[in-house]
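Quick look at target32.txt (compact mmCIF, C-alpha atoms):
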```txt
# COMPACT_ATOMS: atom_id res chain seq x y z
CA MET A 1 23.77 -1.47 40.66
CA LYS A 2 26.29 -4.26 41.20
CA GLU A 3 25.74 -7.51 39.33
CA ARG A 4 25.99 -10.32 41.87
CA ALA A 5 26.40 -14.06 41.62
CA LEU A 6 23.25 -16.15 42.12
CA ARG A 7 24.57 -17.53 45.42
CA ASN A 8 25.39 -14.07 46.74
CA LYS A 9 23.23 -13.45 49.84
CA THR A 10 24.20 -9.81 50.40
CA ILE A 11 21.20 -7.77 51.57
CA THR A 12 20.29 -5.02 49.08
CA LEU A 13 17.43 -2.56 48.62
CA THR A 14 14.97 -2.08 45.80
CA GLU A 15 13.41 1.33 45.10
CA GLU A 16 10.05 0.00 46.21
CA GLU A 17 11.52 -1.19 49.52
CA ARG A 18 13.18 2.18 50.15
CA GLY A 19 9.77 3.84 50.05
CA PHE A 20 8.09 1.80 52.78
CA LEU A 21 11.22 1.24 54.91
CA GLU A 22 11.81 4.98 55.18
CA LYS A 23 8.42 5.33 56.91
CA GLU A 24 9.69 3.16 59.77
CA ILE A 25 12.75 5.35 60.49
CA VAL A 26 12.63 8.01 63.24
CA LEU A 27 13.50 11.61 62.26
CA PRO A 28 14.04 13.54 65.52
CA ASN A 29 13.51 17.30 65.62
CA LYS A 30 12.77 17.83 69.32
CA ILE A 31 13.38 16.22 72.73
CA ILE A 32 12.85 12.48 72.26
CA ARG A 33 10.55 10.36 74.41
CA LEU A 34 11.67 6.81 75.08
CA ASN A 35 8.59 5.34 73.40
CA ASP A 36 9.46 7.24 70.23
CA ILE A 37 12.76 5.41 69.75
CA SER A 38 12.23 2.03 71.45
CA ASN A 39 12.95 -0.68 68.88
CA LYS A 40 13.50 2.00 66.23
CA ILE A 41 16.37 3.31 64.12
CA VAL A 42 17.03 7.05 64.36
CA LEU A 43 18.25 8.93 61.28
CA GLY A 44 20.53 11.83 62.16
CA ASN A 45 23.95 13.14 63.10
CA THR A 46 24.97 11.51 66.36
CA LEU A 47 26.34 14.69 67.94
CA GLU A 48 23.10 16.52 67.15
CA VAL A 49 20.77 13.74 68.33
CA LEU A 50 22.48 12.84 71.63
CA PRO A 51 21.33 15.97 73.52
CA LEU A 52 17.72 15.09 72.60
CA LEU A 53 17.80 11.62 74.17
CA PRO A 54 15.91 10.67 77.35
CA LYS A 55 17.84 10.49 80.61
CA ALA A 56 19.11 7.29 82.24
CA PHE A 57 17.54 4.69 79.93
CA ILE A 58 20.53 2.74 78.55
CA ASP A 59 21.55 -0.55 80.21
CA LEU A 60 24.16 -1.48 77.62
CA LEU A 61 25.98 0.86 75.25
CA ILE A 62 27.71 -0.64 72.22
CA VAL A 63 29.78 1.80 70.18
CA ASP A 64 31.47 1.17 66.84
CA PRO A 65 32.67 4.68 65.97
CA PRO A 66 34.63 5.66 62.88
CA TYR A 67 38.22 4.59 63.44
CA ASN A 68 40.91 7.21 62.92
CA LEU A 69 41.14 6.40 59.22
CA SER A 70 40.06 8.24 56.10
CA LYS A 71 37.03 6.31 54.87
CA ASP A 72 33.96 6.86 52.72
CA TYR A 73 30.73 5.60 54.30
CA HIS A 74 28.40 5.77 51.29
CA GLY A 75 29.08 9.46 50.75
CA ASN A 76 29.73 10.40 54.37
CA LYS A 77 33.48 10.81 54.53
CA PHE A 78 35.50 10.53 57.74
CA LYS A 79 38.97 12.03 57.62
CA GLU A 80 42.00 10.78 59.54
CA SER A 81 43.25 13.31 62.09
CA SER A 82 45.98 13.67 64.71
CA GLU A 83 45.69 11.54 67.85
CA LYS A 84 44.83 14.62 69.92
CA GLU A 85 42.06 15.65 67.53
CA TYR A 86 40.70 12.11 67.48
CA GLU A 87 40.63 12.04 71.29
CA GLU A 88 38.69 15.31 71.28
CA TYR A 89 36.22 13.77 68.82
CA ILE A 90 35.75 10.73 71.07
CA ASP A 91 35.23 12.96 74.11
CA LEU A 92 32.50 14.90 72.29
CA TRP A 93 30.18 11.95 71.79
CA LEU A 94 31.20 9.96 74.87
CA SER A 95 30.55 12.80 77.33
CA ALA A 96 27.26 13.56 75.58
CA LEU A 97 26.12 9.96 76.14
CA LEU A 98 26.68 9.96 79.91
CA PRO A 99 23.27 11.43 80.91
CA ALA A 100 21.50 8.68 78.94
CA LEU A 101 23.18 5.86 80.87
CA LYS A 102 21.79 4.07 83.91
CA ASP A 103 24.03 4.01 86.99
CA ASN A 104 24.90 0.33 86.46
CA ALA A 105 25.40 0.57 82.68
CA SER A 106 28.14 -1.21 80.76
CA ILE A 107 29.85 -0.01 77.60
CA TYR A 108 31.80 -1.70 74.81
CA VAL A 109 33.77 0.42 72.33
CA CYS A 110 35.20 -1.08 69.12
CA CYS A 111 38.53 0.11 67.71
CA ASP A 112 41.58 -0.93 65.73
CA TRP A 113 45.20 -0.92 66.89
CA LYS A 114 45.71 2.72 65.84
CA SER A 115 42.67 4.08 67.69
CA SER A 116 42.79 1.73 70.69
CA GLN A 117 45.02 3.95 72.82
CA ALA A 118 42.90 7.04 72.18
CA ILE A 119 39.71 5.15 73.06
CA TYR A 120 41.28 3.92 76.31
CA THR A 121 42.51 7.38 77.26
CA VAL A 122 39.10 9.02 76.92
CA LEU A 123 37.07 6.06 78.18
CA SER A 124 39.08 5.91 81.41
CA LYS A 125 38.10 9.54 82.20
CA TYR A 126 34.46 8.57 82.67
CA PHE A 127 34.34 4.80 83.21
CA MET A 128 35.96 1.94 85.08
CA ILE A 129 37.91 -0.08 82.52
CA GLN A 130 37.20 -3.78 83.04
CA ASN A 131 39.01 -5.44 80.13
CA ARG A 132 40.19 -5.26 76.54
CA ILE A 133 38.87 -7.89 74.15
CA THR A 134 40.93 -8.67 71.07
CA TRP A 135 39.21 -10.55 68.26
CA GLN A 136 40.60 -12.12 65.12
CA ARG A 137 39.16 -10.60 61.94
CA GLU A 138 40.46 -13.26 59.49
CA LYS A 139 39.72 -11.08 56.49
CA GLY A 140 41.50 -8.55 54.33
CA ARG A 141 44.36 -8.46 51.90
CA GLY A 142 47.92 -9.14 52.92
CA ALA A 143 50.42 -6.31 53.23
CA GLN A 144 53.71 -6.17 51.27
CA SER A 145 55.74 -4.06 53.71
CA ASN A 146 53.98 -4.72 57.01
CA TRP A 147 52.09 -7.38 58.94
CA LYS A 148 48.53 -8.02 57.81
CA ASN A 149 46.10 -6.37 60.20
CA GLY A 150 44.07 -9.34 61.43
CA MET A 151 42.92 -8.14 64.88
CA GLU A 152 40.64 -5.53 66.40
CA ASP A 153 40.00 -4.46 69.99
CA ILE A 154 36.86 -3.87 72.03
CA TRP A 155 37.21 -1.98 75.32
CA PHE A 156 34.83 -3.15 78.08
CA ALA A 157 34.03 -0.61 80.79
CA THR A 158 31.35 0.15 83.39
CA LEU A 159 30.05 3.22 85.17
CA SER A 160 30.50 1.59 88.57
CA LYS A 161 31.44 -1.63 90.34
CA ASN A 162 27.76 -2.55 90.29
CA TYR A 163 27.24 -4.04 86.83
CA TYR A 164 25.68 -7.12 85.24
CA PHE A 165 27.81 -9.86 83.69
CA ASN A 166 26.54 -13.36 82.79
CA VAL A 167 29.47 -15.61 81.94
CA GLU A 168 27.22 -18.66 81.59
CA ALA A 169 25.50 -17.06 78.59
CA VAL A 170 28.71 -16.72 76.59
CA LYS A 171 30.52 -19.98 77.06
CA ILE A 172 32.05 -21.47 73.94
CA LYS A 173 31.77 -25.11 72.87
CA ARG A 174 35.15 -26.43 71.80
CA LYS A 175 36.10 -29.80 70.40
CA VAL A 176 38.15 -31.93 72.77
CA LEU A 177 41.05 -33.64 70.98
CA ALA A 178 42.47 -35.51 73.97
CA PRO A 179 39.51 -36.02 76.33
CA TYR A 180 40.22 -36.82 79.98
CA LYS A 181 38.23 -39.54 81.72
CA GLN A 182 37.67 -40.26 85.39
CA ASP A 183 36.53 -43.74 86.38
CA GLY A 184 36.02 -44.42 82.69
CA LYS A 185 33.56 -41.56 82.24
CA PRO A 186 33.99 -38.15 80.53
CA LYS A 187 35.23 -35.45 82.91
CA ASP A 188 34.09 -31.91 82.09
CA TRP A 189 33.24 -32.82 78.49
CA GLU A 190 30.41 -34.38 76.48
CA GLU A 191 30.63 -37.38 74.17
CA THR A 192 28.41 -37.06 71.08
CA PRO A 193 28.15 -38.81 67.69
CA GLU A 194 29.62 -35.63 66.16
CA GLY A 195 32.65 -35.63 68.46
CA ASN A 196 33.72 -34.77 71.97
CA PHE A 197 32.99 -31.24 73.22
CA ARG A 198 33.67 -29.11 76.28
CA LEU A 199 31.95 -25.89 77.36
CA THR A 200 34.70 -23.43 78.24
CA HIS A 201 34.81 -20.00 79.87
CA PRO A 202 35.42 -17.22 77.35
CA SER A 203 38.68 -15.32 77.47
CA ASN A 204 39.40 -11.82 76.19
CA PHE A 205 40.83 -13.25 72.95
CA TRP A 206 38.22 -14.41 70.43
CA ASP A 207 39.25 -16.54 67.46
CA ASP A 208 35.80 -17.89 66.54
CA ILE A 209 34.45 -14.87 64.64
CA SER A 210 33.97 -14.56 60.88
CA ILE A 211 33.58 -11.18 59.18
CA PRO A 212 30.36 -11.09 57.09
CA TYR A 213 30.97 -11.93 53.45
CA TRP A 214 28.88 -12.49 50.33
CA SER A 215 27.57 -15.98 51.17
CA MET A 216 26.37 -15.04 54.68
CA PRO A 217 22.73 -13.90 54.90
CA GLU A 218 23.62 -11.06 57.31
CA ASN A 219 26.04 -9.43 54.84
CA THR A 220 25.54 -5.90 53.49
CA ASP A 221 27.71 -3.52 51.48
CA HIS A 222 28.63 -1.52 54.60
CA PRO A 223 32.46 -1.31 54.61
CA THR A 224 32.96 -1.98 58.33
CA GLN A 225 30.00 -4.20 59.25
CA LYS A 226 30.46 -6.11 62.51
CA PRO A 227 29.42 -9.79 62.70
CA GLU A 228 26.19 -10.65 64.49
CA LYS A 229 28.01 -13.34 66.44
CA LEU A 230 30.46 -10.76 67.81
CA ILE A 231 27.72 -8.41 69.00
CA ALA A 232 25.69 -11.32 70.41
CA LYS A 233 28.50 -12.07 72.85
CA LEU A 234 28.47 -8.51 74.17
CA ILE A 235 24.70 -8.39 74.52
CA LEU A 236 24.36 -11.78 76.20
CA ALA A 237 27.20 -11.12 78.64
CA SER A 238 26.20 -7.62 79.70
CA SER A 239 22.41 -7.37 79.49
CA LYS A 240 19.27 -9.23 80.45
CA GLU A 241 16.15 -9.83 78.37
CA GLY A 242 14.14 -6.62 78.32
CA ASP A 243 17.18 -4.40 78.95
CA PHE A 244 17.78 -1.43 76.66
CA VAL A 245 20.74 -1.68 74.24
CA PHE A 246 21.86 1.47 72.43
CA ASP A 247 24.30 2.08 69.57
CA PRO A 248 25.08 5.70 68.58
CA PHE A 249 26.90 4.68 65.37
CA LEU A 250 24.52 2.01 64.15
CA GLY A 251 25.83 1.52 60.62
CA SER A 252 23.88 -1.20 58.82
CA GLY A 253 22.04 -2.12 62.01
CA THR A 254 23.88 -5.11 63.49
CA THR A 255 23.48 -4.09 67.14
CA ALA A 256 19.75 -3.45 66.70
CA VAL A 257 19.22 -6.70 64.80
CA VAL A 258 21.02 -8.85 67.37
CA ALA A 259 19.31 -7.09 70.29
CA GLN A 260 15.93 -7.84 68.68
CA LYS A 261 16.86 -11.48 68.11
CA LEU A 262 17.90 -11.82 71.77
CA GLY A 263 14.80 -10.19 73.28
CA ARG A 264 16.28 -6.83 74.26
CA LEU A 265 14.90 -3.35 73.69
CA PHE A 266 17.08 -1.32 71.37
CA SER A 267 17.69 1.82 69.43
CA GLY A 268 20.53 3.42 67.52
CA ILE A 269 21.54 6.48 65.52
CA GLU A 270 22.83 6.44 61.95
CA GLN A 271 23.40 9.50 59.74
CA ASN A 272 23.29 7.71 56.39
CA LEU A 273 19.79 6.98 55.09
CA GLU A 274 20.96 4.01 52.98
CA TYR A 275 22.39 2.27 56.04
CA CYS A 276 19.27 3.07 58.09
CA LEU A 277 17.13 1.41 55.43
CA LEU A 278 19.42 -1.64 55.31
CA GLY A 279 19.19 -1.89 59.09
CA GLN A 280 15.40 -1.67 58.99
CA LYS A 281 15.21 -4.34 56.31
CA ARG A 282 17.43 -6.57 58.46
CA LEU A 283 15.13 -5.99 61.44
CA ASN A 284 12.13 -7.02 59.36
CA ILE A 285 13.94 -10.15 58.15
CA ALA A 286 14.97 -11.00 61.73
CA GLN A 287 11.34 -11.17 62.82
CA LYS A 288 10.94 -14.25 60.62
CA SER A 289 14.50 -15.58 60.88
CA PRO A 290 16.01 -14.97 64.34
CA ASP A 291 19.03 -17.26 63.92
CA ILE A 292 22.54 -16.01 64.70
CA GLN A 293 25.23 -17.76 62.70
CA GLY A 294 27.56 -19.71 64.99
CA TYR A 295 25.22 -19.60 68.01
CA ASN A 296 22.42 -21.94 69.11
CA GLY A 297 22.31 -21.40 72.86
CA VAL A 298 26.10 -21.71 73.07
CA PHE A 299 28.84 -20.30 70.88
CA TRP A 300 30.72 -22.66 68.57
CA GLU A 301 34.20 -22.51 67.13
CA ARG A 302 34.68 -21.21 63.60
CA ASN A 303 34.04 -23.77 60.83
CA THR A 304 32.05 -26.08 63.11
CA LYS A 305 29.10 -28.13 61.93
CA ILE A 306 26.50 -27.65 64.65
CA PRO A 307 24.85 -30.98 65.62
CA ASN A 308 21.30 -31.47 64.36
CA ASN A 309 21.83 -28.77 61.77
CA LYS A 310 22.59 -29.33 58.09
CA LYS A 311 24.51 -26.08 57.71
CA THR A 312 28.11 -25.43 58.55
CA PHE A 313 28.31 -22.39 60.78
CA GLU A 314 31.30 -20.07 61.16
```

Show the structure stored in the file as structure tokens.
Amino acid sequence: MKERALRNKTITLTEEERGFLEKEIVLPNKIIRLNDISNKIVLGNTLEVLPLLPKAFIDLLIVDPPYNLSKDYHGNKFKESSEKEYEEYIDLWLSALLPALKDNASIYVCCDWKSSQAIYTVLSKYFMIQNRITWQREKGRGAQSNWKNGMEDIWFATLSKNYYFNVEAVKIKRKVLAPYKQDGKPKDWEETPEGNFRLTHPSNFWDDISIPYWSMPENTDHPTQKPEKLIAKLILASSKEGDFVFDPFLGSGTTAVVAQKLGRLFSGIEQNLEYCLLGQKRLNIAQKSPDIQGYNGVFWERNTKIPNNKKTFE
């Protein structure tokens, strides 16, 4: 057990918690009914569980698969392979997910610069590629003989031209340094005691995201945990309240937690029991504390003090 500083907010598990949290996890051993997994975390190997899923129930698919890197996920080790082998691995789970998608479904797939091309190659076989989002990670050690890796990609694709996208739900509030006035009044910006702000359309480059760290209440010990703010953008843009959001590589539960906070149905698969339990604990916490750091109806820039709130959000 790690010894942590008193101000460390990282979510951990006690032995007592493990006992009752495990009872809330789904263990599939036959064809799954939708009611069995709605708003639940499924423990299992993704490739084994996917054939058991119901047909045509997913509105939004969010996928954060293992990148093509050798990494230890709490005892489950993923080994780096050739690009061809990695493409074959992607095709295995992606093709298996197709029957579970609705005709107007959208998909977002996370990747790094090394796996981005492979993801695009396989994704374009089955989907219409709409865009590539690049987001700034702003975390990690510097490199001595290369550039620090400070970016990741997310491929956005749809099954057809008929898909849902709500740009109004994902506008970002930016501070205006040189506000423009017309007839002496603010034009396209808002004057407040905290400063001057403008709601802007989001681009496919995001520089307002912070990776979870020890002082953030969403943080866990998962080595590749995605920020709630990042996932919130995907869910708000590409789903409606009541839609079903699915994540076949759930990790410590971020997609499920954010979907719950935003009023969506959800489910996800994770093969590591420890991460399933962390995800379930986060879901239980979210029932009492539905806040998403950096979002209060609109998204704010990193290191912005949100008006009428004593905290500084990132």

Counting all atoms listed in the file, give me one row per residue of segment 68-110 of chain A with an atom at most 9 Å from an atom of segment 213-234 of chain A, showing the shortest contact pair and its distance in Å to one decimal, sorted by chain then residue number, as a Markdown table.
```
| residue | atom | partner | partner_atom | distance |
| --- | --- | --- | --- | --- |
| A:Lys71 | CA | A:Pro223 | CA | 8.9 |
| A:Asp72 | CA | A:Pro223 | CA | 8.5 |
| A:Tyr73 | CA | A:Pro223 | CA | 7.1 |
| A:His74 | CA | A:His222 | CA | 8.0 |
| A:Tyr108 | CA | A:Leu234 | CA | 7.6 |
```

With C-alpha atoms retained, could you export that selection as an mmCIF file, keeping the file's coordinate frame?
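Heads up, here's the output in out-v1.cif:
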```
data_model
loop_
_atom_site.group_PDB
_atom_site.id
_atom_site.type_symbol
_atom_site.label_atom_id
_atom_site.label_comp_id
_atom_site.auth_asym_id
_atom_site.auth_seq_id
_atom_site.Cartn_x
_atom_site.Cartn_y
_atom_site.Cartn_z
ATOM 1 C CA LYS A 71 37.030 6.310 54.870
ATOM 2 C CA ASP A 72 33.960 6.860 52.720
ATOM 3 C CA TYR A 73 30.730 5.600 54.300
ATOM 4 C CA HIS A 74 28.400 5.770 51.290
ATOM 5 C CA TYR A 108 31.800 -1.700 74.810
#
```

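Using only C-alpha atoms, the shortest contact distance between Leu98 of chain A and any of A:Lys55, A:Lys84, A:Arg198, A:Lys40 is found at A:Lys55.
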
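Going from atom CA of Ser70 of chain A over to atom CA of Ile209 of chain A, you cover 25.3 Å.
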
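Atom CA of Asn68 of chain A sits 8.4 Å away from atom CA of Ser82 of chain A.
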
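Distance-wise, atom CA of Gly150 of chain A and atom CA of Ile133 of chain A end up 13.8 Å apart.
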
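Residue nearest Phe244 of chain A within the list A:Leu60, A:Leu278, A:Leu92, A:Ala286: A:Leu60 [criterion: smallest interatomic distance, only C-alpha atoms].
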
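Nearest to Glu138 of chain A of all the residues A:Glu85, A:Glu152, A:Asp59, A:Glu241 is A:Glu152, based on only C-alpha atoms.
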
Exercise for the section: Select, from A:Glu16, A:Phe78, A:Gly242, A:Phe249, the residue with the minimum atom-to-atom distance to Leu94 of chain A, counting only C-alpha atoms. Expected result: A:Phe249

Handout entry: For Gln117 of chain A: contacts at 12 Å, all atoms listed in the file, fewer than 4 positions along chain excluded, given as a VMD selection string
Key = chain A and resid 67 to 68 83 to 84 86 to 87 90 109 to 113 121 to 124 132 153 to 155

Practice task
Could you pull out every residue with an atom within 12 Å of (33.0, -21.0, 74.1), file coordinates, counting all atoms listed in the file, and send them as a PyMOL selection string?
Solution key: chain A and resi 167-175+197-209+229+233+294-302

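Distances from A:Thr255, A:Asn45, A:Gln144, A:Ser160 to Leu273 of chain A were compared using only C-alpha atoms, and the smallest one belongs to A:Asn45.
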
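Proximity ranking of A:Val245, A:Leu250, A:Leu69, A:Val176 relative to Glu274 of chain A places A:Leu250 first, based on only C-alpha atoms.
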
Just want the 7 Å neighbourhood of Ser238 of chain A, counted on all atoms listed in the file, with same-chain residues fewer than 5 positions away dropped. Output as a PDB file with C-alpha atoms, in the frame of the given file.
```
ATOM      1  CA  LEU A  60      24.160  -1.480  77.620  1.00  0.00           C
ATOM      2  CA  SER A 106      28.140  -1.210  80.760  1.00  0.00           C
ATOM      3  CA  TYR A 164      25.680  -7.120  85.240  1.00  0.00           C
ATOM      4  CA  PHE A 165      27.810  -9.860  83.690  1.00  0.00           C
ATOM      5  CA  ASN A 166      26.540 -13.360  82.790  1.00  0.00           C
TER       6      ASN A 166
END
```

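Around Leu159 of chain A, within 7 Å and counting all atoms listed in the file, the residues found are A:Asp103, A:Asn104, A:Ala105, A:Ser106, A:Phe127, A:Met128, once anything fewer than 5 positions away on its own chain is removed.
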
Which residues come within 10 Å of Leu50 of chain A, counting all atoms listed in the file, excluding same-chain residues fewer than 2 positions away, as a JSON list (two decimals) with C-alpha atoms, keeping the file's coordinate frame?
```
[["chain", "number", "residue", "atom", "x", "y", "z"],
["A", 31, "ILE", "CA", 13.38, 16.22, 72.73],
["A", 32, "ILE", "CA", 12.85, 12.48, 72.26],
["A", 44, "GLY", "CA", 20.53, 11.83, 62.16],
["A", 45, "ASN", "CA", 23.95, 13.14, 63.10],
["A", 46, "THR", "CA", 24.97, 11.51, 66.36],
["A", 47, "LEU", "CA", 26.34, 14.69, 67.94],
["A", 48, "GLU", "CA", 23.10, 16.52, 67.15],
["A", 52, "LEU", "CA", 17.72, 15.09, 72.60],
["A", 53, "LEU", "CA", 17.80, 11.62, 74.17],
["A", 54, "PRO", "CA", 15.91, 10.67, 77.35],
["A", 93, "TRP", "CA", 30.18, 11.95, 71.79],
["A", 94, "LEU", "CA", 31.20, 9.96, 74.87],
["A", 95, "SER", "CA", 30.55, 12.80, 77.33],
["A", 96, "ALA", "CA", 27.26, 13.56, 75.58],
["A", 97, "LEU", "CA", 26.12, 9.96, 76.14],
["A", 98, "LEU", "CA", 26.68, 9.96, 79.91],
["A", 99, "PRO", "CA", 23.27, 11.43, 80.91],
["A", 100, "ALA", "CA", 21.50, 8.68, 78.94],
["A", 248, "PRO", "CA", 25.08, 5.70, 68.58],
["A", 269, "ILE", "CA", 21.54, 6.48, 65.52]]
```

Problem - Answer as a PyMOL selection string, residues within 9 Å of (21.8, 2.6, 59.0) using all atoms listed in the file - result: chain A and resi 41-43+249-253+268-280

Please complete segment 126-145 of chain A so it has N, CA and C atoms, and hand it over as a short mmCIF file (atom, residue, chain, number, x, y, z; two decimals), in the coordinates of the input.
```cif
data_model
loop_
_atom_site.label_atom_id
_atom_site.label_comp_id
_atom_site.auth_asym_id
_atom_site.auth_seq_id
_atom_site.Cartn_x
_atom_site.Cartn_y
_atom_site.Cartn_z
N TYR A 126 35.86 8.62 82.25
CA TYR A 126 34.46 8.57 82.67
C TYR A 126 34.02 7.20 83.21
N PHE A 127 34.77 6.15 82.89
CA PHE A 127 34.34 4.80 83.21
C PHE A 127 35.44 4.01 83.94
N MET A 128 35.01 2.90 84.50
CA MET A 128 35.96 1.94 85.08
C MET A 128 36.28 0.91 84.01
N ILE A 129 37.52 0.88 83.55
CA ILE A 129 37.91 -0.08 82.52
C ILE A 129 37.96 -1.47 83.14
N GLN A 130 37.25 -2.41 82.53
CA GLN A 130 37.20 -3.78 83.04
C GLN A 130 38.09 -4.73 82.25
N ASN A 131 38.21 -4.50 80.93
CA ASN A 131 39.01 -5.44 80.13
C ASN A 131 39.15 -4.90 78.71
N ARG A 132 40.06 -5.51 77.98
CA ARG A 132 40.19 -5.26 76.54
C ARG A 132 40.06 -6.59 75.82
N ILE A 133 39.07 -6.69 74.97
CA ILE A 133 38.87 -7.89 74.15
C ILE A 133 39.61 -7.68 72.83
N THR A 134 40.31 -8.70 72.39
CA THR A 134 40.93 -8.67 71.07
C THR A 134 40.34 -9.82 70.26
N TRP A 135 39.84 -9.50 69.08
CA TRP A 135 39.21 -10.55 68.26
C TRP A 135 39.86 -10.62 66.89
N GLN A 136 39.91 -11.82 66.38
CA GLN A 136 40.60 -12.12 65.12
C GLN A 136 39.65 -11.88 63.96
N ARG A 137 40.04 -10.97 63.05
CA ARG A 137 39.16 -10.60 61.94
C ARG A 137 39.18 -11.64 60.81
N GLU A 138 40.33 -12.23 60.54
CA GLU A 138 40.46 -13.26 59.49
C GLU A 138 39.87 -12.80 58.17
N LYS A 139 40.18 -11.57 57.78
CA LYS A 139 39.72 -11.08 56.49
C LYS A 139 40.62 -9.92 56.09
N GLY A 140 40.71 -9.68 54.81
CA GLY A 140 41.50 -8.55 54.33
C GLY A 140 42.71 -9.02 53.54
N ARG A 141 43.21 -8.13 52.72
CA ARG A 141 44.36 -8.46 51.90
C ARG A 141 45.64 -8.41 52.72
N GLY A 142 46.63 -9.17 52.28
CA GLY A 142 47.92 -9.14 52.92
C GLY A 142 48.66 -7.85 52.60
N ALA A 143 49.61 -7.50 53.44
CA ALA A 143 50.42 -6.31 53.23
C ALA A 143 51.80 -6.71 52.71
N GLN A 144 52.41 -5.87 51.85
CA GLN A 144 53.71 -6.17 51.27
C GLN A 144 54.86 -5.70 52.16
N SER A 145 54.65 -4.62 52.91
CA SER A 145 55.74 -4.06 53.71
C SER A 145 55.39 -3.96 55.18
#
```
